[in-house]
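A.B. asks: Once you've had a glance at the structure underneath, I'll fire off some questions.
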Amino acid sequence: MKTICLYFQVHQPFRFRRYRFFDIGHDHYYYDDYSNESILHKVAQKCYLPANTILYNLIKEYGSRFKVSFSISGTAIDQFRLYAPEVLESFKKLAKTGYVEFLAETYAHSLSSLINREEFEAQVTKHRETIKEIFGQTPTVFRNTELVYSDEIGAMIADMGFKTVVTEGAKHILGWKSPNYVYCNAINPRLKVLLRNFKLSDDISFRFSNKSWNEYPLTADKYVAWLNALDKKEQTVNIFMDYETFGEHQDQNTGIFEFLKALPRAVFSRSSYHFATPSDVADRHQPIAAISALHPISWADEERDISAWLGNELQQAAFNKLYSLRQLVLKSNEAQIWEDWKNLQTADHFYYMSTKVLSDGEVHKYFNPYDSPYDAFINYMNILSDFEIRLKQEHKMPSDPAYLMKLLEEKERIIEDLSKQIPPNISSKTPSKTLKTKTMKKEATKAKKEQVAPAEKNAKTAEKAPAKKTVKKTTAKKTAAKKATAKPAAKKTTAKKTAKKTTAKKAAPKKTAAKKTTAKKTAKPAAKKAVAKKAAPKKAAAKK
Amino acid sequence: MFGWEFPPHITGGLGTACYGLTKGLSRYKDVDVTFVVPKAYGDEDQSSARIIGADGVHIKERTFTFSDFLRKMKMIEVESLLVPYLTPEEFEKSFETLSEKEIGVSLQTRVRGRLRFTGTYGKNLFQEISNYALVATVLAHEHHFDIIHAHDWLTYPAALAAKAVSGKPLVVHVHATDFDRSGGSVNPSVYEIERKGMEAADKVITVSNLTRETVIQKYGIPPEKVITIYNAVDPLTEEERAREKKGIQEKIVTFLGRITLQKGPEYFIEAANKVLQRMDNVRFVMAGSGDMLHRMIRRAARLRIVDRFHFTGFLRGDDVQKMFSLSDVYVMPSVSEPFGISPLEAMQSSVPVIISYQSGVSEVLKYAIKVNFWDVDAMADAIYGILNYDALSDFFKKYGKEEVLQMKWENSAGKLREVYKSLCR
């Protein structure tokens with residue numbers, strides 16, 4: 001039985017605002033809210049909502065015979081939540097039909113698979129959990145950002161429990177082979193590999209409205225005739241593309257929606273193909289051979305490699321700089337740091353820095369908000385410089401006085417709790433309250449350092465404090481020892497609590513930051529409106 | 001070829017471009033160049049072209065039939081200070097002598113009927129231009145040639161005179177228009193000369209599409225007659241390549257050019273001020289002189305950045321190369337630059353460049369940061385970016401140099417030769 005596998009990628013990056021070097025260290029808000037919101041609204045109206053409706057109706061009409069699959073990046077989901085919850089609802093509605101499969105990917109639509117395994121796994125896990133939470137299904141098929149794939153990435157994915165991966169049917173890995181079969185990973189043969197038929201995919205996504213194309217206009221019947229013309233033995237045709245093809249890259253005036261509507265009927269009436277999701281395809285067909293990709297491939301440009309994102313020195317420098325900050329990020333308690341860390345990783349930022357303007361310049365320009373790759377690089381590096389400053393500051397001392405006070409209070413409470421546990425004969429000899437608070441303050445200023453190695457530091461400060469007070473050495477040591485052992489455990493809970501509080505408070509500082517940016521954008525009065533709108537759903541979200 | 005200057009006696013890019021073109025043409029065996037300048041010093045490089053100084057030409061005939069053009073020329077009264085290409089010395093002098101009025105044209109011939117030329121751009125400029133044209137008629141009689149090629153408006157009258165005498169095809173080469181030089185307040189006399197020259201020409205060559213547009217739009221020249229041939233740059237010699245060691249650890253950002261409205265020096269100062277507010281280890285250099293120099297010094301003083309902002313005055317010969325080799329960034333914020341060779345020279349010395357979109361060279365350069373001249377924020381950001389992000393400066397050093405090595409005068413001359421060929425048929 002021959003299958004046709006439709007898979008659509010849904011992705012929106014968080015675009016950065018123009019971030020000049022004078023903003024470094026002063027303004028920590030990086031996002032171009034106006035662009036992000038207006039672009040998302042535009043694409044939602046032109047593509048996501050109408051296309052989802054069409055797919056929903058097709059599924060209603062054909063039932064189990066018509067199936068599609070999606071991968072929605074985490075940043076796109078974040079943006080739907082922020083700006084267009086109705087889009088997420090319409091995807092949920094599709095999920096409920098049971099004939100739509102959702103694939104896993106990196107949450108940030110990142111290239112972490114190429115540099116840091118831990119980060120990659122963390123992001124995939126986060127995305128998998130998010131998909132489970134929203135759509136009620138746990139993905140078993142993986143698609144990497146921009147279909148980036150190599151033997152090693154495949155093995156990594158297999159280790160994480162995925163059964164199938166989708167990637168590009170790049171000529172240079174296939175050679176004489178056809179993409180229309182199921183293959184398996186060269187390292188771990190249990191992982192099935194589905195390859196994109198780029199010719200038949202690009203016929204729709206790139207060439208559909210091209211009037212100078214000799215096949216113009218493309219109709220569903222003609223397309224099915226091409227499917228029928230394929231070798232009879234071939235198993236599956238994998239049609240993968242940006243979901244934005246429908247209504248955005250190809251405007252609705254081109255008849256792209258009509259094509260989508262007509263395709264299933266044409267397939268059913270004129271061919272023996274069945275629609276299938278990637279897991280169906282993997283279940284139905286046995287791999288015919290291993291496919292090897294020693295160097296990473298992708299679905300971009302003529303080269304089908306990663307040169308669109310990491311092809312030049314600028315991209316590589318920015319990319320390496322970003323991931324060199326990971327250890328600092330891991331130590332951070334600030335929710336906004338984690339949010340920014342995620343959004344900084346999105347592959348699009350590196351795409352904007354591409355200097356490959358000769359062969360695929362048109363495509364590159366279409367997706368690029370910057371005038372030049374140098375602009376993109378400088379802007380990104382300015383933001384990264386500020387991000388690094390924030391990370392380093394956080395580890396020197398807490399910049400926020402409110403946060404500092406909170407830490408102080410928390411500590412005092414813990415000390416009181418602990419001193420209650422100490423037997424009365426010892427507690428009478430513990431330092432007086434005034435002295436206690438003094439040492440507490442000291443501790444608080446050192447709070448950040450302590451988090452690096454809480455056990456050691458606490459022990460030190462604890463030792464210091466009693467020594468000053470001329471208490472008998474033996475008892476002092478006892479209390480110190482007890483504190484040292486009791487604290488690390490207590491510490492963890494404090495850290496968690498404060499982390500929670502900061503997340504709860506997150507909405508507020510964001511808003512003020514947003515206001516700042518709007519004030520700067522007085523030239524664009526529309527921006528104000530956009531932010532005003534944005535504030536409302538956020539409040540609602542906070543209430544929930 | 002008629003030109004106004006030839007290395008080493010140059011004040012701007014014009015002489016360099018003329019030299020480059022003739023050198024490029026000398027590669028082609030079927031092209032011989034005779035280059036006429038108002039004043040030959042004798043130390044010019046004659047390997048690629050025969051240099052004739054108009055001051056050395058004997059004027060035997062006194063019965064000229066002046067064209068309309070020349071008659072008009074003779075009536076021109078030099079009242080205003082013309083600043084298109086002023087050497088620093090002339091600049092000082094012209095202030096002093098501005099009050100003296102020279103009216104009309106009198107043929108002040110020296111012994112044996114030779115005319116006196118300074119070959120500069122002083123107060124007698126218009127007289128020199130018309131005298132130069134007189135010489136041209138003589139030369140047109142005495143010499144054999146197939147094409148007349150005139151560089152910039154100063155030589156158009158001479159070229160027209162030569163054309164009137166010989167009937168040979170005329171190529172007019174626009175290195176700059178008065179719109180570029182004046183920043184909009186065009187001198188009507190200069191404009192008139194430019195327009196007549198372009199109209200009479202069989203082909204007009206512009207140094208960029210930016211200039212081509214100006215020629216078509218502002219001078220009403222039919223587009224099919226106007227061809228863009230980009231300038232190029234001479235490769236550095238081994239000596240020049242030897243990099244001057246920097247005396248200081250700090251980064252240096254350089255502006256190099258005439259300090260005039262056209263070059264946008266004030267935007268450089270404002271951008272420098274922004275960068276200096278956030279960075280310590282950087283110095284800014286404004287090299288060159290011009291009518292806006294004093295204003296720029298006052299502005300830098302008012303911004304309180306003079307301890308980090310330096311003025312070098314006019315740089316000559318080797319000093320230019322030295323300045324480039326000391327620089328970490330070269331900025332050309334020109335308000336209107338028909339081409340702009342200096343960024344190419346900077347790139348040869350492995351200096352990253354920031355250029356304005358309002359320059360012809362921005363049409364050809366890929367490995368350069370481009371900003372709008374008025375966008376001081378973007379300019380400051382670009383400077384900061386190159387100084388702070390090593391990847392970016394390394395990138396430009398490497399690829400910029402490669403790119404500029406591809407831009408050879410040979411190629412420009414080759415295109416020019418094609419134009420000549422089309423006219424000779």
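The chains in the structure tokens are called A, B, ... from first to last as shown; in each chain the residues are counted from 1, and the ligands are counted from 1 in the order shown.
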Please identify all residues of chain A having at least one atom at most 8 Å from any atom of chain B, considering only C-alpha atoms, and return them as a VMD selection string.
C.D. replies: chain A and resid 20 to 22 313 to 314 317 372 374 to 375 378 381 to 382
A.B. asks: If you keep N, CA and C atoms, can you produce a file of those selected residues as a PDB file, in the first residue's frame?
C.D. replies:
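Contents of out-v7.pdb, freshly written:
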ATOM      1  N   ARG A  20      20.579  48.773  20.276  1.00  0.00           N
ATOM      2  CA  ARG A  20      21.854  49.467  20.060  1.00  0.00           C
ATOM      3  C   ARG A  20      22.801  49.206  21.222  1.00  0.00           C
ATOM      4  N   PHE A  21      24.070  49.488  20.972  1.00  0.00           N
ATOM      5  CA  PHE A  21      25.045  49.214  22.035  1.00  0.00           C
ATOM      6  C   PHE A  21      24.821  50.083  23.246  1.00  0.00           C
ATOM      7  N   PHE A  22      24.191  51.273  23.051  1.00  0.00           N
ATOM      8  CA  PHE A  22      23.974  52.084  24.257  1.00  0.00           C
ATOM      9  C   PHE A  22      22.911  51.482  25.171  1.00  0.00           C
ATOM     10  N   GLU A 313      31.798  32.987   9.547  1.00  0.00           N
ATOM     11  CA  GLU A 313      32.476  33.170  10.828  1.00  0.00           C
ATOM     12  C   GLU A 313      31.616  33.943  11.821  1.00  0.00           C
ATOM     13  N   LEU A 314      30.793  34.834  11.303  1.00  0.00           N
ATOM     14  CA  LEU A 314      29.956  35.635  12.200  1.00  0.00           C
ATOM     15  C   LEU A 314      28.955  34.735  12.908  1.00  0.00           C
ATOM     16  N   ALA A 317      30.708  32.510  15.395  1.00  0.00           N
ATOM     17  CA  ALA A 317      31.150  33.219  16.601  1.00  0.00           C
ATOM     18  C   ALA A 317      29.960  33.471  17.532  1.00  0.00           C
ATOM     19  N   SER A 372      21.097  43.999   6.543  1.00  0.00           N
ATOM     20  CA  SER A 372      22.271  43.245   6.118  1.00  0.00           C
ATOM     21  C   SER A 372      22.614  42.226   7.189  1.00  0.00           C
ATOM     22  N   TYR A 374      25.330  41.950   8.609  1.00  0.00           N
ATOM     23  CA  TYR A 374      26.162  42.610   9.619  1.00  0.00           C
ATOM     24  C   TYR A 374      25.280  43.279  10.669  1.00  0.00           C
ATOM     25  N   ASP A 375      24.230  43.898  10.190  1.00  0.00           N
ATOM     26  CA  ASP A 375      23.225  44.476  11.092  1.00  0.00           C
ATOM     27  C   ASP A 375      22.715  43.428  12.059  1.00  0.00           C
ATOM     28  N   ILE A 378      25.450  42.427  14.587  1.00  0.00           N
ATOM     29  CA  ILE A 378      25.709  43.445  15.610  1.00  0.00           C
ATOM     30  C   ILE A 378      24.552  43.487  16.602  1.00  0.00           C
ATOM     31  N   MET A 381      24.708  40.408  18.830  1.00  0.00           N
ATOM     32  CA  MET A 381      25.828  40.441  19.769  1.00  0.00           C
ATOM     33  C   MET A 381      25.602  41.490  20.859  1.00  0.00           C
ATOM     34  N   ASN A 382      24.973  42.602  20.499  1.00  0.00           N
ATOM     35  CA  ASN A 382      24.655  43.603  21.521  1.00  0.00           C
ATOM     36  C   ASN A 382      23.744  42.984  22.575  1.00  0.00           C
TER      37      ASN A 382
END
A.B. asks: Mind giving me the straight-line distance from CA of Glu258 (chain A) to CA of Tyr56 (chain A) in Å, one decimal?
C.D. replies: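 Atom-to-atom, CA of Glu258 (chain A) to CA of Tyr56 (chain A), that is 14.5 Å.
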A.B. asks: Near Leu293 (chain B), counting only C-alpha atoms, which residues have an atom at most 7 Å away, once you skip same-chain residues fewer than 4 positions from it, shown as a VMD selection string?
C.D. replies: chain B and resid 259 289 297
A.B. asks: The selected residues should be written to file as an mmCIF file, in the first residue's frame (atoms: C-alpha atoms).
C.D. replies:
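The resulting again-v6.cif:
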data_model
loop_
_atom_site.group_PDB
_atom_site.id
_atom_site.type_symbol
_atom_site.label_atom_id
_atom_site.label_comp_id
_atom_site.auth_asym_id
_atom_site.auth_seq_id
_atom_site.Cartn_x
_atom_site.Cartn_y
_atom_site.Cartn_z
ATOM 1 C CA ILE B 259 36.235 68.118 5.596
ATOM 2 C CA SER B 289 41.153 69.647 5.799
ATOM 3 C CA ILE B 297 36.911 71.329 15.939
#
A.B. asks: Just give me the gap between CA of Ala413 (chain B) and CA of Asp146 (chain B) in Å, one decimal is fine.
C.D. replies: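 CA of Asp146 (chain B) lies 16.6 Å from CA of Ala413 (chain B).
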A.B. asks: Excluding same-chain residues fewer than 6 positions from Leu384 (chain A), what lies within 10 Å of it counting only C-alpha atoms, as a PyMOL selection string?
C.D. replies: chain A and resi 24+30+318+321-322+325+340-341+344+378+390
